[in-house]
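> There's a structure below that I have some questions on.
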Amino acid sequence: MEEYKKLEQAVYFLKNQGIKSPEIGIVLGTGLGKLTDLIEIEKTIDYREIPNFPLSTVEFHSGKLIYGTLGDKKVLAMQGRFHMYEGYSASEVVFPIRVLKMLGVKFMVLTNAAGGINLSYEKGQLILIDDHINLLPDNPLIGRNIDKLGVRFPDMSAPYSNSGNELLMAVAEAFDYNLQNGVYAAVIGPNLETRAEYRFLKTIGADLVGMSTVPEVIAANHMNLPCVAISIVTDLCDPDNLEEANIGDIIANAGIGEKILIKLIPSFLQKLKV
């Protein structure tokens, strides 16, 4: 079936489920599900129910679409995202982002857990992404362009909303939180990197490394959908003092950053004009 028809089927289903006029789309990364506790929930839909939706296979991603109000905005929150290491193509990974845009979402807030290559970062720290390096072997725009979504060659000179980033920085400052920014490198995973790979990533200008987000940002830019993205540093990637990765520690460190994130996001949405 043609890709756009698949999108239309999902959109039609969700509208019939009562999803009306969402303004903000939110993607919740690994260990970052508690933001949904602050949403005045009107509807929760399991991904399995939505036509053509991929299914999350990651243990810490619950796989639900949540519709409600947060910070005086109507939001659609993805509790669980998709990754290429699960076996999905980049186009499948961004299918939900395209559906959200077609439902009427005007702004995306993306979150993720990431490794800190910049050694000035600390575990549990929030970092605002202001640029990225795409090292993934696939791109959601490969293949025939879907003209109804966007142009063949979308500009990526400012993939993250400048005004959105400025507002987030101001909100963080009001909370007396030092929100630094950085460059995020996307790799396929699911293994973490070797010491030599961390050195390479640092050399090419990466401050953070993760396995998500970038395909979603590419798809959003293709559709003229402005976005911001925040990483929580869950582990430190110092090749000279590299510790063995522990998923329990990574989730615990995500929880540290989440406590700040759930303060910043509602305040940000309240001030955001869409």
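Within each chain, counting starts at residue 1; across the structure tokens, chains are named A, B, ... in the order shown, with ligands numbered 1 upward in that order.
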At most 6 Å is the cut-off: for each residue in stretch 89-130 of chain A with any atom that close to an atom of stretch 230-235 of chain A, write down the nearest atom pair and the distance in Å rounded to one decimal, counting only C-alpha atoms, chain first then increasing number, as a Markdown table.


| residue | atom | partner | partner_atom | distance |
| --- | --- | --- | --- | --- |
| A:Thr111 | CA | A:Ile230 | CA | 4.8 |
| A:Asn112 | CA | A:Ser231 | CA | 4.9 |
| A:Ala113 | CA | A:Ile232 | CA | 4.9 |
| A:Ala114 | CA | A:Val233 | CA | 5.1 |
| A:Gly115 | CA | A:Asp235 | CA | 5.0 |
| A:Gly116 | CA | A:Val233 | CA | 5.6 |
| A:Lys123 | CA | A:Val233 | CA | 5.2 |
| A:Gly124 | CA | A:Val233 | CA | 5.2 |
| A:Gln125 | CA | A:Val233 | CA | 5.4 |
| A:Leu126 | CA | A:Ile232 | CA | 4.6 |
| A:Ile127 | CA | A:Ser231 | CA | 5.1 |
| A:Leu128 | CA | A:Ile230 | CA | 4.6 |
| A:Ile129 | CA | A:Ile230 | CA | 5.8 |

> Per DSSP on the backbone, filter stretch 174-231 of chain A down to the residues in strand (DSSP E or B) and report them as a ChimeraX atom specification.

/A:180-186,208-210,227-231

> Restricting the calculation to only C-alpha atoms: of A:Glu3, A:Asp207, A:Asp72, A:Glu49, which residue gets closest to A:Gln17?

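Among the listed residues, the smallest separation from A:Gln17 belongs to A:Glu49.
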
> Can you tell me which residues surround stretch 259-261 of chain A at a distance of at most 12 Å, considering only C-alpha atoms, apart from same-chain residues fewer than 4 positions away, and format the answer as a ChimeraX atom specification?

/A:28-29,31-36,38,109-112,124-128,168,171-172,175-179,229-232,252-255,265-268

> Where in stretch 24-261 of chain A does DSSP assign alpha helix (DSSP H), given as a PyMOL selection string?

chain A and resi 90-93+95-103+162-174+195-203+214-222+247-261

> Write out the residues from the selection above, keeping C-alpha atoms, as a compact mmCIF listing (two decimals), in the first residue's frame.


# COMPACT_ATOMS: atom_id res chain seq x y z
CA ALA A 90 13.90 4.96 9.03
CA SER A 91 10.57 5.53 7.28
CA GLU A 92 8.82 3.18 9.74
CA VAL A 93 10.53 4.89 12.68
CA PHE A 95 5.57 6.99 10.78
CA PRO A 96 4.07 8.27 14.06
CA ILE A 97 5.66 11.72 13.63
CA ARG A 98 4.01 12.04 10.24
CA VAL A 99 0.68 10.91 11.69
CA LEU A 100 0.93 13.52 14.47
CA LYS A 101 1.56 16.26 11.93
CA MET A 102 -1.39 15.14 9.81
CA LEU A 103 -3.59 15.20 12.92
CA ASN A 162 15.78 28.62 17.36
CA SER A 163 12.85 30.35 19.05
CA GLY A 164 11.90 27.12 20.83
CA ASN A 165 15.45 26.62 22.08
CA GLU A 166 15.65 30.23 23.30
CA LEU A 167 12.38 29.83 25.18
CA LEU A 168 13.54 26.58 26.77
CA MET A 169 16.75 28.25 27.90
CA ALA A 170 14.74 31.12 29.43
CA VAL A 171 12.40 28.68 31.20
CA ALA A 172 15.38 26.75 32.60
CA GLU A 173 16.95 29.99 33.80
CA ALA A 174 13.72 30.89 35.61
CA ARG A 195 36.67 3.53 23.14
CA ALA A 196 37.92 4.24 19.62
CA GLU A 197 34.39 5.10 18.48
CA TYR A 198 33.97 7.57 21.35
CA ARG A 199 37.24 9.23 20.35
CA PHE A 200 36.01 9.41 16.75
CA LEU A 201 32.68 10.95 17.77
CA LYS A 202 34.43 13.58 19.89
CA THR A 203 36.79 14.39 16.99
CA VAL A 214 17.51 12.29 14.34
CA PRO A 215 15.15 10.45 11.93
CA GLU A 216 12.22 12.10 13.75
CA VAL A 217 13.82 15.53 13.40
CA ILE A 218 14.48 14.96 9.69
CA ALA A 219 10.84 13.97 9.15
CA ALA A 220 9.64 16.97 11.17
CA ASN A 221 11.77 19.38 9.13
CA HIS A 222 10.52 17.79 5.91
CA ILE A 247 21.15 -0.54 32.04
CA GLY A 248 20.02 -0.19 35.67
CA ASP A 249 22.35 2.80 36.17
CA ILE A 250 21.25 4.30 32.85
CA ILE A 251 17.58 4.16 33.87
CA ALA A 252 18.40 5.57 37.33
CA ASN A 253 20.32 8.49 35.79
CA ALA A 254 17.44 9.13 33.40
CA GLY A 255 15.23 9.38 36.49
CA ILE A 256 17.47 12.12 37.92
CA GLY A 257 17.07 14.27 34.83
CA GLU A 258 13.38 13.43 34.54
CA LYS A 259 12.67 15.23 37.83
CA ILE A 260 13.84 18.48 36.23
CA LEU A 261 12.33 17.71 32.83

> Just the residues within 7 Å of stretch 182-192 of chain A, please, counting only C-alpha atoms, with nothing from its chain fewer than 2 positions along; format it as an MDAnalysis selection string.

chainID A and resid 84:85 127:136 180 194 206:212 214

> For those residues, write N, CA and C atoms to a file as a compact mmCIF listing (two decimals), in the first residue's frame.


# COMPACT_ATOMS: atom_id res chain seq x y z
N MET A 84 15.82 2.05 14.75
CA MET A 84 16.25 1.22 13.63
C MET A 84 16.87 -0.10 14.11
N TYR A 85 17.45 -0.11 15.33
CA TYR A 85 18.05 -1.36 15.81
C TYR A 85 16.99 -2.42 16.11
N ILE A 127 20.55 18.26 28.55
CA ILE A 127 21.27 18.98 27.50
C ILE A 127 20.30 19.28 26.36
N LEU A 128 20.24 20.53 25.97
CA LEU A 128 19.39 20.95 24.86
C LEU A 128 20.14 20.71 23.55
N ILE A 129 19.57 19.96 22.65
CA ILE A 129 20.23 19.67 21.38
C ILE A 129 20.05 20.86 20.44
N ASP A 130 21.17 21.39 19.93
CA ASP A 130 21.05 22.51 18.99
C ASP A 130 21.54 22.14 17.59
N ASP A 131 22.06 20.91 17.43
CA ASP A 131 22.44 20.42 16.10
C ASP A 131 22.70 18.92 16.23
N HIS A 132 22.82 18.25 15.10
CA HIS A 132 23.09 16.82 15.18
C HIS A 132 23.99 16.36 14.04
N ILE A 133 24.52 15.15 14.21
CA ILE A 133 25.31 14.47 13.19
C ILE A 133 24.63 13.12 12.95
N ASN A 134 24.22 12.88 11.72
CA ASN A 134 23.48 11.66 11.39
C ASN A 134 24.44 10.59 10.89
N LEU A 135 24.67 9.57 11.71
CA LEU A 135 25.53 8.45 11.33
C LEU A 135 24.72 7.17 11.11
N LEU A 136 23.41 7.31 10.98
CA LEU A 136 22.55 6.16 10.74
C LEU A 136 22.65 5.72 9.28
N GLN A 180 22.59 23.52 29.43
CA GLN A 180 23.62 23.66 28.39
C GLN A 180 23.09 23.09 27.08
N THR A 194 32.63 1.59 21.27
CA THR A 194 33.98 1.25 21.75
C THR A 194 34.72 2.52 22.13
N ALA A 206 30.83 15.75 18.19
CA ALA A 206 29.66 15.33 18.95
C ALA A 206 29.87 15.54 20.45
N ASP A 207 28.82 16.03 21.11
CA ASP A 207 28.81 16.15 22.57
C ASP A 207 28.04 15.01 23.21
N LEU A 208 27.12 14.42 22.43
CA LEU A 208 26.24 13.37 22.92
C LEU A 208 26.14 12.28 21.87
N VAL A 209 25.79 11.08 22.30
CA VAL A 209 25.55 10.01 21.33
C VAL A 209 24.34 9.20 21.77
N GLY A 210 23.50 8.85 20.79
CA GLY A 210 22.32 8.06 21.08
C GLY A 210 21.85 7.32 19.84
N MET A 211 20.71 6.64 19.96
CA MET A 211 20.25 5.75 18.90
C MET A 211 18.87 6.14 18.37
N SER A 212 18.51 7.41 18.53
CA SER A 212 17.15 7.83 18.14
C SER A 212 17.15 9.28 17.69
N VAL A 214 17.14 11.64 15.60
CA VAL A 214 17.51 12.29 14.34
C VAL A 214 16.55 11.96 13.19

> Determine the nearest neighbour of A:Pro137 from the options A:Ser89, A:Glu244, A:Lys43, A:Cys237, counting only C-alpha atoms.

A:Ser89

> With distances taken over only C-alpha atoms, which of A:Ala245, A:Leu76, A:Leu264, A:Leu236 is nearest to A:Tyr121?

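Using only C-alpha atoms, the shortest distance to A:Tyr121 belongs to A:Leu236.
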
> So the first atom is atom CA of A:Leu65 and the second is atom CA of A:Leu269; what is the distance between them in Å, to one decimal place?

18.6 Å
